[in-house]
file work-v6.pdb (PDB, C-alpha atoms)
ATOM      1  CA  GLY Q   1     249.380 245.581   2.170  1.00  0.00           C
ATOM      2  CA  SER Q   2     249.867 245.041   5.865  1.00  0.00           C
ATOM      3  CA  VAL Q   3     249.562 241.586   7.424  1.00  0.00           C
ATOM      4  CA  LEU Q   4     247.247 241.610  10.383  1.00  0.00           C
ATOM      5  CA  SER Q   5     247.502 239.157  13.242  1.00  0.00           C
ATOM      6  CA  TYR Q   6     244.878 238.026  15.721  1.00  0.00           C
ATOM      7  CA  THR Q   7     245.963 236.292  18.893  1.00  0.00           C
ATOM      8  CA  ALA Q   8     243.377 233.806  20.068  1.00  0.00           C
ATOM      9  CA  LYS Q   9     243.390 232.639  23.661  1.00  0.00           C
ATOM     10  CA  VAL Q  10     240.838 229.925  24.262  1.00  0.00           C
ATOM     11  CA  ASP Q  11     240.518 228.138  27.588  1.00  0.00           C
ATOM     12  CA  ILE Q  12     237.351 226.117  28.002  1.00  0.00           C
ATOM     13  CA  ARG Q  13     238.664 223.499  30.394  1.00  0.00           C
ATOM     14  CA  LYS Q  14     238.157 223.677  34.127  1.00  0.00           C
ATOM     15  CA  PRO Q  15     241.053 223.604  36.590  1.00  0.00           C
ATOM     16  CA  THR Q  16     241.743 220.314  38.307  1.00  0.00           C
ATOM     17  CA  ILE Q  17     242.762 219.263  41.796  1.00  0.00           C
ATOM     18  CA  THR Q  18     244.204 216.051  43.186  1.00  0.00           C
ATOM     19  CA  SER Q  19     242.275 215.954  46.479  1.00  0.00           C
ATOM     20  CA  VAL Q  20     240.720 217.767  49.412  1.00  0.00           C
ATOM     21  CA  THR Q  21     242.115 216.542  52.706  1.00  0.00           C
ATOM     22  CA  GLY Q  22     241.598 217.244  56.381  1.00  0.00           C
ATOM     23  CA  ASN Q  23     238.009 216.132  56.965  1.00  0.00           C
ATOM     24  CA  PRO Q  24     238.302 213.734  59.920  1.00  0.00           C
ATOM     25  CA  THR Q  25     236.652 210.339  59.935  1.00  0.00           C
ATOM     26  CA  ALA Q  26     237.132 209.939  63.693  1.00  0.00           C
ATOM     27  CA  TRP Q  27     235.921 212.265  66.436  1.00  0.00           C
ATOM     28  CA  THR Q  28     238.149 215.193  67.388  1.00  0.00           C
ATOM     29  CA  ASN Q  29     237.973 218.121  69.808  1.00  0.00           C
ATOM     30  CA  GLN Q  30     240.253 220.204  67.606  1.00  0.00           C
ATOM     31  CA  ASP Q  31     239.573 222.618  64.763  1.00  0.00           C
ATOM     32  CA  VAL Q  32     239.452 221.053  61.284  1.00  0.00           C
ATOM     33  CA  THR Q  33     241.382 222.475  58.335  1.00  0.00           C
ATOM     34  CA  LEU Q  34     240.403 221.516  54.794  1.00  0.00           C
ATOM     35  CA  THR Q  35     243.199 221.678  52.240  1.00  0.00           C
ATOM     36  CA  VAL Q  36     242.797 221.747  48.459  1.00  0.00           C
ATOM     37  CA  ASN Q  37     245.747 219.806  47.045  1.00  0.00           C
ATOM     38  CA  GLY Q  38     247.271 219.919  43.581  1.00  0.00           C
ATOM     39  CA  ALA Q  39     245.131 222.664  42.062  1.00  0.00           C
ATOM     40  CA  ALA Q  40     246.285 223.426  38.532  1.00  0.00           C
ATOM     41  CA  ASP Q  41     244.965 224.782  35.296  1.00  0.00           C
ATOM     42  CA  ASN Q  42     245.160 222.673  32.153  1.00  0.00           C
ATOM     43  CA  ALA Q  43     248.283 222.815  29.988  1.00  0.00           C
ATOM     44  CA  GLY Q  44     248.148 225.876  27.767  1.00  0.00           C
ATOM     45  CA  GLY Q  45     245.293 227.334  29.780  1.00  0.00           C
ATOM     46  CA  SER Q  46     244.902 230.753  31.324  1.00  0.00           C
ATOM     47  CA  GLY Q  47     246.325 229.743  34.712  1.00  0.00           C
ATOM     48  CA  LEU Q  48     244.744 229.951  38.123  1.00  0.00           C
ATOM     49  CA  GLN Q  49     243.334 233.213  39.390  1.00  0.00           C
ATOM     50  CA  ALA Q  50     245.311 234.965  42.136  1.00  0.00           C
ATOM     51  CA  SER Q  51     242.326 234.395  44.398  1.00  0.00           C
ATOM     52  CA  ALA Q  52     241.552 230.955  43.047  1.00  0.00           C
ATOM     53  CA  TYR Q  53     239.812 229.239  45.949  1.00  0.00           C
ATOM     54  CA  SER Q  54     236.293 229.410  47.323  1.00  0.00           C
ATOM     55  CA  PHE Q  55     234.975 227.352  50.226  1.00  0.00           C
ATOM     56  CA  ASP Q  56     231.427 228.730  50.074  1.00  0.00           C
ATOM     57  CA  ASN Q  57     230.246 227.822  46.574  1.00  0.00           C
ATOM     58  CA  GLY Q  58     231.722 230.933  44.975  1.00  0.00           C
ATOM     59  CA  ALA Q  59     230.313 233.522  47.357  1.00  0.00           C
ATOM     60  CA  THR Q  60     233.807 234.618  48.370  1.00  0.00           C
ATOM     61  CA  TRP Q  61     237.278 233.879  47.010  1.00  0.00           C
ATOM     62  CA  GLN Q  62     240.692 233.639  48.643  1.00  0.00           C
ATOM     63  CA  THR Q  63     244.316 233.175  47.696  1.00  0.00           C
ATOM     64  CA  GLY Q  64     245.000 230.393  50.183  1.00  0.00           C
ATOM     65  CA  ASN Q  65     244.104 226.756  49.567  1.00  0.00           C
ATOM     66  CA  THR Q  66     243.040 226.037  53.162  1.00  0.00           C
ATOM     67  CA  LYS Q  67     240.151 226.916  55.410  1.00  0.00           C
ATOM     68  CA  THR Q  68     239.763 226.139  59.113  1.00  0.00           C
ATOM     69  CA  TYR Q  69     236.463 225.250  60.752  1.00  0.00           C
ATOM     70  CA  THR Q  70     235.880 225.505  64.486  1.00  0.00           C
ATOM     71  CA  ALA Q  71     232.594 223.597  64.446  1.00  0.00           C
ATOM     72  CA  ASN Q  72     230.779 221.040  62.345  1.00  0.00           C
ATOM     73  CA  LYS Q  73     229.421 222.324  59.037  1.00  0.00           C
ATOM     74  CA  ASN Q  74     227.353 220.701  56.321  1.00  0.00           C
ATOM     75  CA  GLY Q  75     227.127 221.667  52.667  1.00  0.00           C
ATOM     76  CA  ILE Q  76     230.671 222.907  52.047  1.00  0.00           C
ATOM     77  CA  ILE Q  77     231.179 223.407  48.320  1.00  0.00           C
ATOM     78  CA  ILE Q  78     234.735 224.133  47.239  1.00  0.00           C
ATOM     79  CA  GLN Q  79     235.466 225.796  43.913  1.00  0.00           C
ATOM     80  CA  VAL Q  80     238.702 226.550  42.064  1.00  0.00           C
ATOM     81  CA  ARG Q  81     238.770 229.043  39.196  1.00  0.00           C
ATOM     82  CA  ASP Q  82     241.159 230.043  36.470  1.00  0.00           C
ATOM     83  CA  VAL Q  83     241.790 233.437  34.861  1.00  0.00           C
ATOM     84  CA  ALA Q  84     239.433 232.690  31.998  1.00  0.00           C
ATOM     85  CA  GLY Q  85     236.600 232.056  34.427  1.00  0.00           C
ATOM     86  CA  ASN Q  86     236.360 228.270  34.231  1.00  0.00           C
ATOM     87  CA  ILE Q  87     235.405 226.810  37.589  1.00  0.00           C
ATOM     88  CA  TYR Q  88     236.029 223.412  39.105  1.00  0.00           C
ATOM     89  CA  VAL Q  89     233.311 222.451  41.589  1.00  0.00           C
ATOM     90  CA  HIS Q  90     234.146 219.813  44.182  1.00  0.00           C
ATOM     91  CA  PRO Q  91     231.517 217.420  45.530  1.00  0.00           C
ATOM     92  CA  THR Q  92     229.839 218.634  48.721  1.00  0.00           C
ATOM     93  CA  ILE Q  93     231.762 218.080  51.950  1.00  0.00           C
ATOM     94  CA  ASN Q  94     230.165 217.709  55.376  1.00  0.00           C
ATOM     95  CA  ILE Q  95     232.254 218.138  58.519  1.00  0.00           C
ATOM     96  CA  THR Q  96     230.528 216.090  61.219  1.00  0.00           C
ATOM     97  CA  LYS Q  97     233.222 214.835  63.612  1.00  0.00           C
ATOM     98  CA  ILE Q  98     234.069 217.897  65.718  1.00  0.00           C
ATOM     99  CA  ASP Q  99     233.024 217.593  69.368  1.00  0.00           C
ATOM    100  CA  LYS Q 100     234.513 220.184  71.710  1.00  0.00           C
ATOM    101  CA  SER Q 101     232.248 219.343  74.638  1.00  0.00           C
ATOM    102  CA  GLU Q 102     233.923 218.991  78.041  1.00  0.00           C
ATOM    103  CA  PRO Q 103     231.907 216.416  79.960  1.00  0.00           C
ATOM    104  CA  THR Q 104     232.039 216.067  83.730  1.00  0.00           C
ATOM    105  CA  VAL Q 105     231.332 213.140  86.026  1.00  0.00           C
ATOM    106  CA  THR Q 106     229.751 212.888  89.472  1.00  0.00           C
ATOM    107  CA  VAL Q 107     229.395 209.967  91.854  1.00  0.00           C
ATOM    108  CA  VAL Q 108     226.731 209.039  94.382  1.00  0.00           C
ATOM    109  CA  VAL Q 109     227.909 206.555  96.999  1.00  0.00           C
ATOM    110  CA  THR Q 110     225.373 204.517  98.941  1.00  0.00           C
ATOM    111  CA  LYS Q 111     225.402 201.797 101.552  1.00  0.00           C
ATOM    112  CA  LYS Q 112     225.237 198.360  99.964  1.00  0.00           C
ATOM    113  CA  GLY Q 113     221.729 197.439  98.904  1.00  0.00           C
ATOM    114  CA  THR Q 114     220.216 200.760 100.006  1.00  0.00           C
ATOM    115  CA  THR Q 115     219.709 204.311  98.797  1.00  0.00           C
ATOM    116  CA  THR Q 116     221.376 205.783 101.892  1.00  0.00           C
ATOM    117  CA  ALA Q 117     224.059 208.182 100.686  1.00  0.00           C
ATOM    118  CA  VAL Q 118     227.486 208.289 102.321  1.00  0.00           C
ATOM    119  CA  ALA Q 119     229.626 211.402 101.980  1.00  0.00           C
ATOM    120  CA  SER Q 120     233.307 211.160 101.135  1.00  0.00           C
ATOM    121  CA  ASN Q 121     235.642 210.709 104.115  1.00  0.00           C
ATOM    122  CA  THR Q 122     232.772 209.534 106.318  1.00  0.00           C
ATOM    123  CA  TRP Q 123     232.762 206.242 108.226  1.00  0.00           C
ATOM    124  CA  SER Q 124     230.164 203.697 107.165  1.00  0.00           C
ATOM    125  CA  THR Q 125     229.111 200.525 108.942  1.00  0.00           C
ATOM    126  CA  SER Q 126     228.146 199.018 105.585  1.00  0.00           C
ATOM    127  CA  THR Q 127     230.147 198.361 102.457  1.00  0.00           C
ATOM    128  CA  LEU Q 128     229.538 200.772  99.598  1.00  0.00           C
ATOM    129  CA  GLU Q 129     228.199 200.916  96.057  1.00  0.00           C
ATOM    130  CA  TYR Q 130     228.944 203.634  93.492  1.00  0.00           C
ATOM    131  CA  THR Q 131     226.799 205.269  90.815  1.00  0.00           C
ATOM    132  CA  PHE Q 132     228.744 207.426  88.361  1.00  0.00           C
ATOM    133  CA  THR Q 133     226.923 209.860  86.069  1.00  0.00           C
ATOM    134  CA  SER Q 134     228.370 211.825  83.164  1.00  0.00           C
ATOM    135  CA  HIS Q 135     227.108 215.315  82.313  1.00  0.00           C
ATOM    136  CA  ASP Q 136     227.407 217.743  79.368  1.00  0.00           C
ATOM    137  CA  VAL Q 137     228.150 214.916  76.947  1.00  0.00           C
ATOM    138  CA  GLY Q 138     228.454 215.886  73.284  1.00  0.00           C
ATOM    139  CA  ALA Q 139     227.676 214.014  70.082  1.00  0.00           C
ATOM    140  CA  SER Q 140     230.802 211.847  70.339  1.00  0.00           C
ATOM    141  CA  GLY Q 141     229.660 210.335  73.620  1.00  0.00           C
ATOM    142  CA  ALA Q 142     231.754 209.806  76.728  1.00  0.00           C
ATOM    143  CA  THR Q 143     233.207 206.968  78.769  1.00  0.00           C
ATOM    144  CA  ILE Q 144     233.557 206.939  82.562  1.00  0.00           C
ATOM    145  CA  TYR Q 145     236.601 205.254  84.099  1.00  0.00           C
ATOM    146  CA  TYR Q 146     237.355 204.453  87.746  1.00  0.00           C
ATOM    147  CA  CYS Q 147     239.942 202.678  89.886  1.00  0.00           C
ATOM    148  CA  LYS Q 148     240.461 201.791  93.551  1.00  0.00           C
ATOM    149  CA  ASP Q 149     243.610 201.900  95.683  1.00  0.00           C
ATOM    150  CA  THR Q 150     244.860 202.771  99.158  1.00  0.00           C
ATOM    151  CA  ALA Q 151     247.308 205.508  98.105  1.00  0.00           C
ATOM    152  CA  ASN Q 152     244.999 207.765  96.055  1.00  0.00           C
ATOM    153  CA  THR Q 153     247.326 207.599  93.051  1.00  0.00           C
ATOM    154  CA  CYS Q 154     245.824 204.997  90.680  1.00  0.00           C
ATOM    155  CA  ASN Q 155     244.919 205.819  87.076  1.00  0.00           C
ATOM    156  CA  PRO Q 156     241.234 205.122  86.313  1.00  0.00           C
ATOM    157  CA  THR Q 157     240.943 202.429  83.616  1.00  0.00           C
ATOM    158  CA  THR Q 158     237.873 200.369  84.585  1.00  0.00           C
ATOM    159  CA  VAL Q 159     234.769 201.361  82.621  1.00  0.00           C
ATOM    160  CA  ALA Q 160     231.565 202.348  84.429  1.00  0.00           C
ATOM    161  CA  THR Q 161     228.189 202.847  82.744  1.00  0.00           C
ATOM    162  CA  THR Q 162     226.620 206.218  83.441  1.00  0.00           C
ATOM    163  CA  GLY Q 163     223.724 206.000  85.875  1.00  0.00           C
ATOM    164  CA  VAL Q 164     224.245 202.296  86.616  1.00  0.00           C
ATOM    165  CA  LYS Q 165     225.283 201.214  90.107  1.00  0.00           C
ATOM    166  CA  VAL Q 166     228.761 199.708  90.352  1.00  0.00           C
ATOM    167  CA  THR Q 167     228.776 196.778  92.782  1.00  0.00           C
ATOM    168  CA  ALA Q 168     232.323 195.558  92.099  1.00  0.00           C
ATOM    169  CA  LEU Q 169     233.617 197.324  95.238  1.00  0.00           C
ATOM    170  CA  ASN Q 170     230.843 196.360  97.629  1.00  0.00           C
ATOM    171  CA  ALA Q 171     233.037 193.945  99.588  1.00  0.00           C
ATOM    172  CA  GLU Q 172     235.843 196.429 100.241  1.00  0.00           C
ATOM    173  CA  GLU Q 173     236.575 197.474 103.849  1.00  0.00           C
ATOM    174  CA  ASP Q 174     238.741 199.921 105.777  1.00  0.00           C
ATOM    175  CA  THR Q 175     239.993 203.160 104.172  1.00  0.00           C
ATOM    176  CA  TYR Q 176     240.457 203.227 100.423  1.00  0.00           C
ATOM    177  CA  TYR Q 177     240.103 205.646  97.520  1.00  0.00           C
ATOM    178  CA  VAL Q 178     237.965 205.509  94.407  1.00  0.00           C
ATOM    179  CA  ARG Q 179     239.296 207.728  91.636  1.00  0.00           C
ATOM    180  CA  TYR Q 180     237.290 208.536  88.508  1.00  0.00           C
ATOM    181  CA  LYS Q 181     237.256 210.589  85.313  1.00  0.00           C
ATOM    182  CA  VAL Q 182     235.354 210.893  82.040  1.00  0.00           C
ATOM    183  CA  VAL Q 183     236.763 210.921  78.502  1.00  0.00           C
ATOM    184  CA  SER Q 184     234.778 212.215  75.521  1.00  0.00           C
ATOM    185  CA  GLY Q 185     234.806 210.509  72.151  1.00  0.00           C
ATOM    186  CA  GLY Q 186     236.426 213.683  70.853  1.00  0.00           C
ATOM    187  CA  GLY Q 187     239.424 213.217  73.119  1.00  0.00           C
ATOM    188  CA  TYR Q 188     238.696 215.576  76.026  1.00  0.00           C
ATOM    189  CA  THR Q 189     239.676 214.107  79.411  1.00  0.00           C
ATOM    190  CA  SER Q 190     238.279 215.543  82.619  1.00  0.00           C
ATOM    191  CA  ALA Q 191     240.310 216.029  85.762  1.00  0.00           C
ATOM    192  CA  THR Q 192     240.509 212.933  87.973  1.00  0.00           C
ATOM    193  CA  SER Q 193     238.337 213.159  91.073  1.00  0.00           C
ATOM    194  CA  SER Q 194     238.640 211.089  94.232  1.00  0.00           C
ATOM    195  CA  TYR Q 195     236.230 209.683  96.802  1.00  0.00           C
ATOM    196  CA  THR Q 196     237.589 208.650 100.216  1.00  0.00           C
ATOM    197  CA  ALA Q 197     235.826 205.531 101.453  1.00  0.00           C
ATOM    198  CA  LYS Q 198     235.908 204.574 105.131  1.00  0.00           C
ATOM    199  CA  VAL Q 199     234.216 201.257 105.808  1.00  0.00           C
ATOM    200  CA  ASP Q 200     234.158 199.603 109.228  1.00  0.00           C
ATOM    201  CA  ILE Q 201     231.768 196.662 109.472  1.00  0.00           C
ATOM    202  CA  ARG Q 202     233.555 194.750 112.275  1.00  0.00           C
ATOM    203  CA  LYS Q 203     232.645 195.188 115.911  1.00  0.00           C
ATOM    204  CA  PRO Q 204     235.212 196.216 118.525  1.00  0.00           C
ATOM    205  CA  THR Q 205     236.630 193.441 120.708  1.00  0.00           C
ATOM    206  CA  ILE Q 206     237.520 193.105 124.386  1.00  0.00           C
ATOM    207  CA  THR Q 207     239.618 190.598 126.279  1.00  0.00           C
ATOM    208  CA  SER Q 208     237.359 190.292 129.339  1.00  0.00           C
ATOM    209  CA  VAL Q 209     235.032 191.884 131.866  1.00  0.00           C
ATOM    210  CA  THR Q 210     236.254 191.458 135.415  1.00  0.00           C
ATOM    211  CA  GLY Q 211     235.026 192.413 138.859  1.00  0.00           C
ATOM    212  CA  ASN Q 212     231.840 190.371 139.223  1.00  0.00           C
ATOM    213  CA  PRO Q 213     232.281 188.491 142.509  1.00  0.00           C
ATOM    214  CA  THR Q 214     231.570 184.808 142.743  1.00  0.00           C
ATOM    215  CA  ALA Q 215     231.214 184.981 146.539  1.00  0.00           C
ATOM    216  CA  TRP Q 216     228.913 187.138 148.618  1.00  0.00           C
ATOM    217  CA  THR Q 217     230.210 190.615 149.469  1.00  0.00           C
ATOM    218  CA  ASN Q 218     228.899 193.625 151.375  1.00  0.00           C
ATOM    219  CA  GLN Q 219     230.989 195.976 149.245  1.00  0.00           C
ATOM    220  CA  ASN Q 220     230.183 197.841 146.046  1.00  0.00           C
ATOM    221  CA  VAL Q 221     231.063 195.927 142.893  1.00  0.00           C
ATOM    222  CA  THR Q 222     233.032 197.530 140.061  1.00  0.00           C
ATOM    223  CA  LEU Q 223     232.992 195.900 136.653  1.00  0.00           C
ATOM    224  CA  THR Q 224     235.976 196.574 134.414  1.00  0.00           C
ATOM    225  CA  VAL Q 225     236.070 196.122 130.647  1.00  0.00           C
ATOM    226  CA  ASN Q 226     239.561 195.017 129.708  1.00  0.00           C
ATOM    227  CA  GLY Q 227     241.397 195.198 126.397  1.00  0.00           C
ATOM    228  CA  ALA Q 228     238.753 197.031 124.398  1.00  0.00           C
ATOM    229  CA  ALA Q 229     240.023 197.695 120.872  1.00  0.00           C
ATOM    230  CA  ASP Q 230     238.726 198.335 117.417  1.00  0.00           C
ATOM    231  CA  ASN Q 231     239.806 196.150 114.513  1.00  0.00           C
ATOM    232  CA  ALA Q 232     242.936 197.099 112.574  1.00  0.00           C
ATOM    233  CA  GLY Q 233     242.057 199.747 110.015  1.00  0.00           C
ATOM    234  CA  GLY Q 234     238.712 200.439 111.682  1.00  0.00           C
ATOM    235  CA  SER Q 235     237.242 203.707 112.850  1.00  0.00           C
ATOM    236  CA  GLY Q 236     238.600 203.366 116.355  1.00  0.00           C
ATOM    237  CA  LEU Q 237     236.695 203.367 119.629  1.00  0.00           C
TER
END

call {"tool": "encode", "arguments": {"input": "work-v6.pdb", "output": "structure tokens"}}
result
Amino acid sequence: GSVLSYTAKVDIRKPTITSVTGNPTAWTNQDVTLTVNGAADNAGGSGLQASAYSFDNGATWQTGNTKTYTANKNGIIIQVRDVAGNIYVHPTINITKIDKSEPTVTVVVTKKGTTTAVASNTWSTSTLEYTFTSHDVGASGATIYYCKDTANTCNPTTVATTGVKVTALNAEEDTYYVRYKVVSGGGYTSATSSYTAKVDIRKPTITSVTGNPTAWTNQNVTLTVNGAADNAGGSGL
């Protein structure tokens, strides 16, 4: 009689992977791409499906082993399947380090020891104090930096606490510039802004007042102020 043959194909083992990479441990303001590395079916198994990868717990499947996320997401369950229908399920992944916020910073400048505000590029007869405040700060936080120079070119590197008055410059005089920016924990850096300080706390000087007679006269007397000048770097007369 005839010899019959039955071909058995048994695959009861799940696919394996080596790792899932791309989930940042530090803050970033960039998209995050998860990559499934080293996916393979077991030796002698049915092989991976053409659309072997799921990043939503099997709701949808795709051919590619990567998926990009534009925002934080919790509860990501990655699966990898083979032709036979065995499924590898990866432990849950939470993406929590994306912060695309773009914080800004403002400054309020006041006369030393007062709440009297002084606008930029305005002369003050008192030295100045600065209160920097950051706005639109995301989950990663933000750091304010400032610097002071006379050329309006310095790079802000000194840290200021948001909402806390900075008194480190309250002895500075004449014309100078305070430059400031804010940097988010995710890596966004704001544009550098500049405040023009003009501080003149010294009185003008004169050399003399002449014209007051020491002897009696029947003429009008004219007093003359001589050599009046403002201090170097001051606001002028």

call {"tool": "resolve_selection", "arguments": {"input": "work-v6.pdb", "expression": "the PyMOL selection byres ((chain Q and resi 156) around 9)", "output": "list in words"}}
result
Ile144, Tyr145, Tyr146, Cys147, Lys148, Cys154, Asn155, Thr157, Thr158, Val159, Val178, Arg179, Tyr180, Lys181 and Thr192 of chain Q

call {"tool": "write_last_selection", "arguments": {"input": "work-v6.pdb", "atoms": "C-alpha atoms", "output": "mmCIF file, in the coordinates of the input"}}
result
data_model
loop_
_atom_site.group_PDB
_atom_site.id
_atom_site.type_symbol
_atom_site.label_atom_id
_atom_site.label_comp_id
_atom_site.auth_asym_id
_atom_site.auth_seq_id
_atom_site.Cartn_x
_atom_site.Cartn_y
_atom_site.Cartn_z
ATOM 1 C CA ILE Q 144 233.557 206.939 82.562
ATOM 2 C CA TYR Q 145 236.601 205.254 84.099
ATOM 3 C CA TYR Q 146 237.355 204.453 87.746
ATOM 4 C CA CYS Q 147 239.942 202.678 89.886
ATOM 5 C CA LYS Q 148 240.461 201.791 93.551
ATOM 6 C CA CYS Q 154 245.824 204.997 90.680
ATOM 7 C CA ASN Q 155 244.919 205.819 87.076
ATOM 8 C CA THR Q 157 240.943 202.429 83.616
ATOM 9 C CA THR Q 158 237.873 200.369 84.585
ATOM 10 C CA VAL Q 159 234.769 201.361 82.621
ATOM 11 C CA VAL Q 178 237.965 205.509 94.407
ATOM 12 C CA ARG Q 179 239.296 207.728 91.636
ATOM 13 C CA TYR Q 180 237.290 208.536 88.508
ATOM 14 C CA LYS Q 181 237.256 210.589 85.313
ATOM 15 C CA THR Q 192 240.509 212.933 87.973
#

call {"tool": "closest_residue", "arguments": {"input": "work-v6.pdb", "among": "Q:Gly138, Q:Pro204, Q:Gly64, Q:Gly1", "to": "Val183 in chain Q", "atoms": "only C-alpha atoms"}}
result
Q:Gly138

call {"tool": "closest_atom_pairs", "arguments": {"input": "work-v6.pdb", "of": "range 14-46 of chain Q", "to": "range 89-108 of chain Q", "cutoff": "8 Å", "atoms": "only C-alpha atoms", "output": "JSON lines"}}
result
{"residue": "Q:Asn23", "atom": "CA", "partner": "Q:Ile95", "partner_atom": "CA", "distance": 6.3}
{"residue": "Q:Pro24", "atom": "CA", "partner": "Q:Lys97", "partner_atom": "CA", "distance": 6.4}
{"residue": "Q:Thr25", "atom": "CA", "partner": "Q:Lys97", "partner_atom": "CA", "distance": 6.7}
{"residue": "Q:Ala26", "atom": "CA", "partner": "Q:Lys97", "partner_atom": "CA", "distance": 6.3}
{"residue": "Q:Trp27", "atom": "CA", "partner": "Q:Lys97", "partner_atom": "CA", "distance": 4.7}
{"residue": "Q:Thr28", "atom": "CA", "partner": "Q:Ile98", "partner_atom": "CA", "distance": 5.2}
{"residue": "Q:Asn29", "atom": "CA", "partner": "Q:Lys100", "partner_atom": "CA", "distance": 4.5}
{"residue": "Q:Gln30", "atom": "CA", "partner": "Q:Ile98", "partner_atom": "CA", "distance": 6.9}
{"residue": "Q:Asp31", "atom": "CA", "partner": "Q:Ile98", "partner_atom": "CA", "distance": 7.3}
{"residue": "Q:Val32", "atom": "CA", "partner": "Q:Ile98", "partner_atom": "CA", "distance": 7.7}

call {"tool": "resolve_selection", "arguments": {"input": "work-v6.pdb", "expression": "the PyMOL selection byres ((chain Q and resi 197) around 9)", "output": "VMD selection string"}}
result
chain Q and resid 118 to 124 128 173 to 178 195 to 196 198 to 199

call {"tool": "axis_aligned_box", "arguments": {"input": "work-v6.pdb", "around": "range 32-40 of chain Q", "padding_each_side": "4 Å", "output": "JSON"}}
result
{"center_x": 243.4, "center_y": 221.6, "center_z": 49.9, "size_x": 15.8, "size_y": 11.6, "size_z": 30.8}

call {"tool": "atom_distance", "arguments": {"input": "work-v6.pdb", "atom1": "CA of Val36 in chain Q", "atom2": "CA of Thr70 in chain Q"}}
result
17.9 Å

call {"tool": "atom_distance", "arguments": {"input": "work-v6.pdb", "atom1": "CA of Phe132 in chain Q", "atom2": "CA of Val166 in chain Q"}}
result
8.0 Å

call {"tool": "closest_residue", "arguments": {"input": "work-v6.pdb", "among": "Q:Gln79, Q:Ser5, Q:Asn86, Q:Thr16", "to": "Ser46 in chain Q", "atoms": "all atoms listed in the file"}}
result
Q:Asn86

call {"tool": "atom_distance", "arguments": {"input": "work-v6.pdb", "atom1": "CA of Gly22 in chain Q", "atom2": "CA of Ser54 in chain Q"}}
result
16.1 Å

call {"tool": "resolve_selection", "arguments": {"input": "work-v6.pdb", "expression": "the PyMOL selection byres ((chain Q and resi 210) around 8)", "output": "PyMOL selection string"}}
result
chain Q and resi 208-209+211-212+223-226

call {"tool": "closest_residue", "arguments": {"input": "work-v6.pdb", "among": "Q:Ser126, Q:Thr205, Q:Thr18, Q:Ser134", "to": "Gly227 in chain Q", "atoms": "only C-alpha atoms"}}
result
Q:Thr205

call {"tool": "residues_around", "arguments": {"input": "work-v6.pdb", "residues": "Gly163 in chain Q", "least_positions_apart": "2", "cutoff": "7 Å", "atoms": "all atoms listed in the file", "output": "list in words"}}
result
Thr131, Phe132, Thr133, Thr161 and Lys165 of chain Q

call {"tool": "residues_near_point", "arguments": {"input": "work-v6.pdb", "point": "(245.3, 231.2, 49.7)", "cutoff": "9 Å", "atoms": "only C-alpha atoms", "output": "PyMOL selection string"}}
result
chain Q and resi 50-53+61-67

call {"tool": "closest_residue", "arguments": {"input": "work-v6.pdb", "among": "Q:Asn72, Q:Ser194, Q:Thr162, Q:Asn37", "to": "Asp149 in chain Q", "atoms": "all atoms listed in the file"}}
result
Q:Ser194

call {"tool": "decode", "arguments": {"input": "work-v6.pdb", "residues": "range 208-216 of chain Q", "atoms": "N, CA, C and O atoms", "output": "PDB file, in the first residue's frame"}}
result
ATOM      1  N   SER Q 208      34.149 126.944  41.632  1.00  0.00           N
ATOM      2  CA  SER Q 208      33.974 128.107  42.519  1.00  0.00           C
ATOM      3  C   SER Q 208      32.715 128.876  42.144  1.00  0.00           C
ATOM      4  O   SER Q 208      32.124 128.637  41.080  1.00  0.00           O
ATOM      5  N   VAL Q 209      32.319 129.768  43.034  1.00  0.00           N
ATOM      6  CA  VAL Q 209      31.305 130.785  42.730  1.00  0.00           C
ATOM      7  C   VAL Q 209      31.968 132.135  42.959  1.00  0.00           C
ATOM      8  O   VAL Q 209      32.458 132.421  44.067  1.00  0.00           O
ATOM      9  N   THR Q 210      32.010 132.936  41.940  1.00  0.00           N
ATOM     10  CA  THR Q 210      32.676 134.238  42.051  1.00  0.00           C
ATOM     11  C   THR Q 210      31.674 135.367  41.818  1.00  0.00           C
ATOM     12  O   THR Q 210      30.586 135.143  41.293  1.00  0.00           O
ATOM     13  N   GLY Q 211      32.105 136.568  42.219  1.00  0.00           N
ATOM     14  CA  GLY Q 211      31.297 137.755  41.963  1.00  0.00           C
ATOM     15  C   GLY Q 211      30.717 138.408  43.201  1.00  0.00           C
ATOM     16  O   GLY Q 211      30.144 139.500  43.116  1.00  0.00           O
ATOM     17  N   ASN Q 212      30.826 137.779  44.346  1.00  0.00           N
ATOM     18  CA  ASN Q 212      30.289 138.365  45.577  1.00  0.00           C
ATOM     19  C   ASN Q 212      31.324 139.347  46.139  1.00  0.00           C
ATOM     20  O   ASN Q 212      32.414 138.940  46.551  1.00  0.00           O
ATOM     21  N   PRO Q 213      31.023 140.633  46.113  1.00  0.00           N
ATOM     22  CA  PRO Q 213      32.027 141.623  46.518  1.00  0.00           C
ATOM     23  C   PRO Q 213      32.335 141.551  48.014  1.00  0.00           C
ATOM     24  O   PRO Q 213      31.475 141.226  48.826  1.00  0.00           O
ATOM     25  N   THR Q 214      33.549 141.861  48.320  1.00  0.00           N
ATOM     26  CA  THR Q 214      33.949 141.936  49.732  1.00  0.00           C
ATOM     27  C   THR Q 214      33.942 143.385  50.224  1.00  0.00           C
ATOM     28  O   THR Q 214      34.010 143.627  51.433  1.00  0.00           O
ATOM     29  N   ALA Q 215      33.850 144.320  49.267  1.00  0.00           N
ATOM     30  CA  ALA Q 215      33.756 145.746  49.634  1.00  0.00           C
ATOM     31  C   ALA Q 215      32.406 146.282  49.174  1.00  0.00           C
ATOM     32  O   ALA Q 215      31.757 145.733  48.284  1.00  0.00           O
ATOM     33  N   TRP Q 216      31.991 147.360  49.795  1.00  0.00           N
ATOM     34  CA  TRP Q 216      30.710 147.970  49.428  1.00  0.00           C
ATOM     35  C   TRP Q 216      30.724 148.431  47.973  1.00  0.00           C
ATOM     36  O   TRP Q 216      31.732 148.848  47.439  1.00  0.00           O
TER      37      TRP Q 216
END
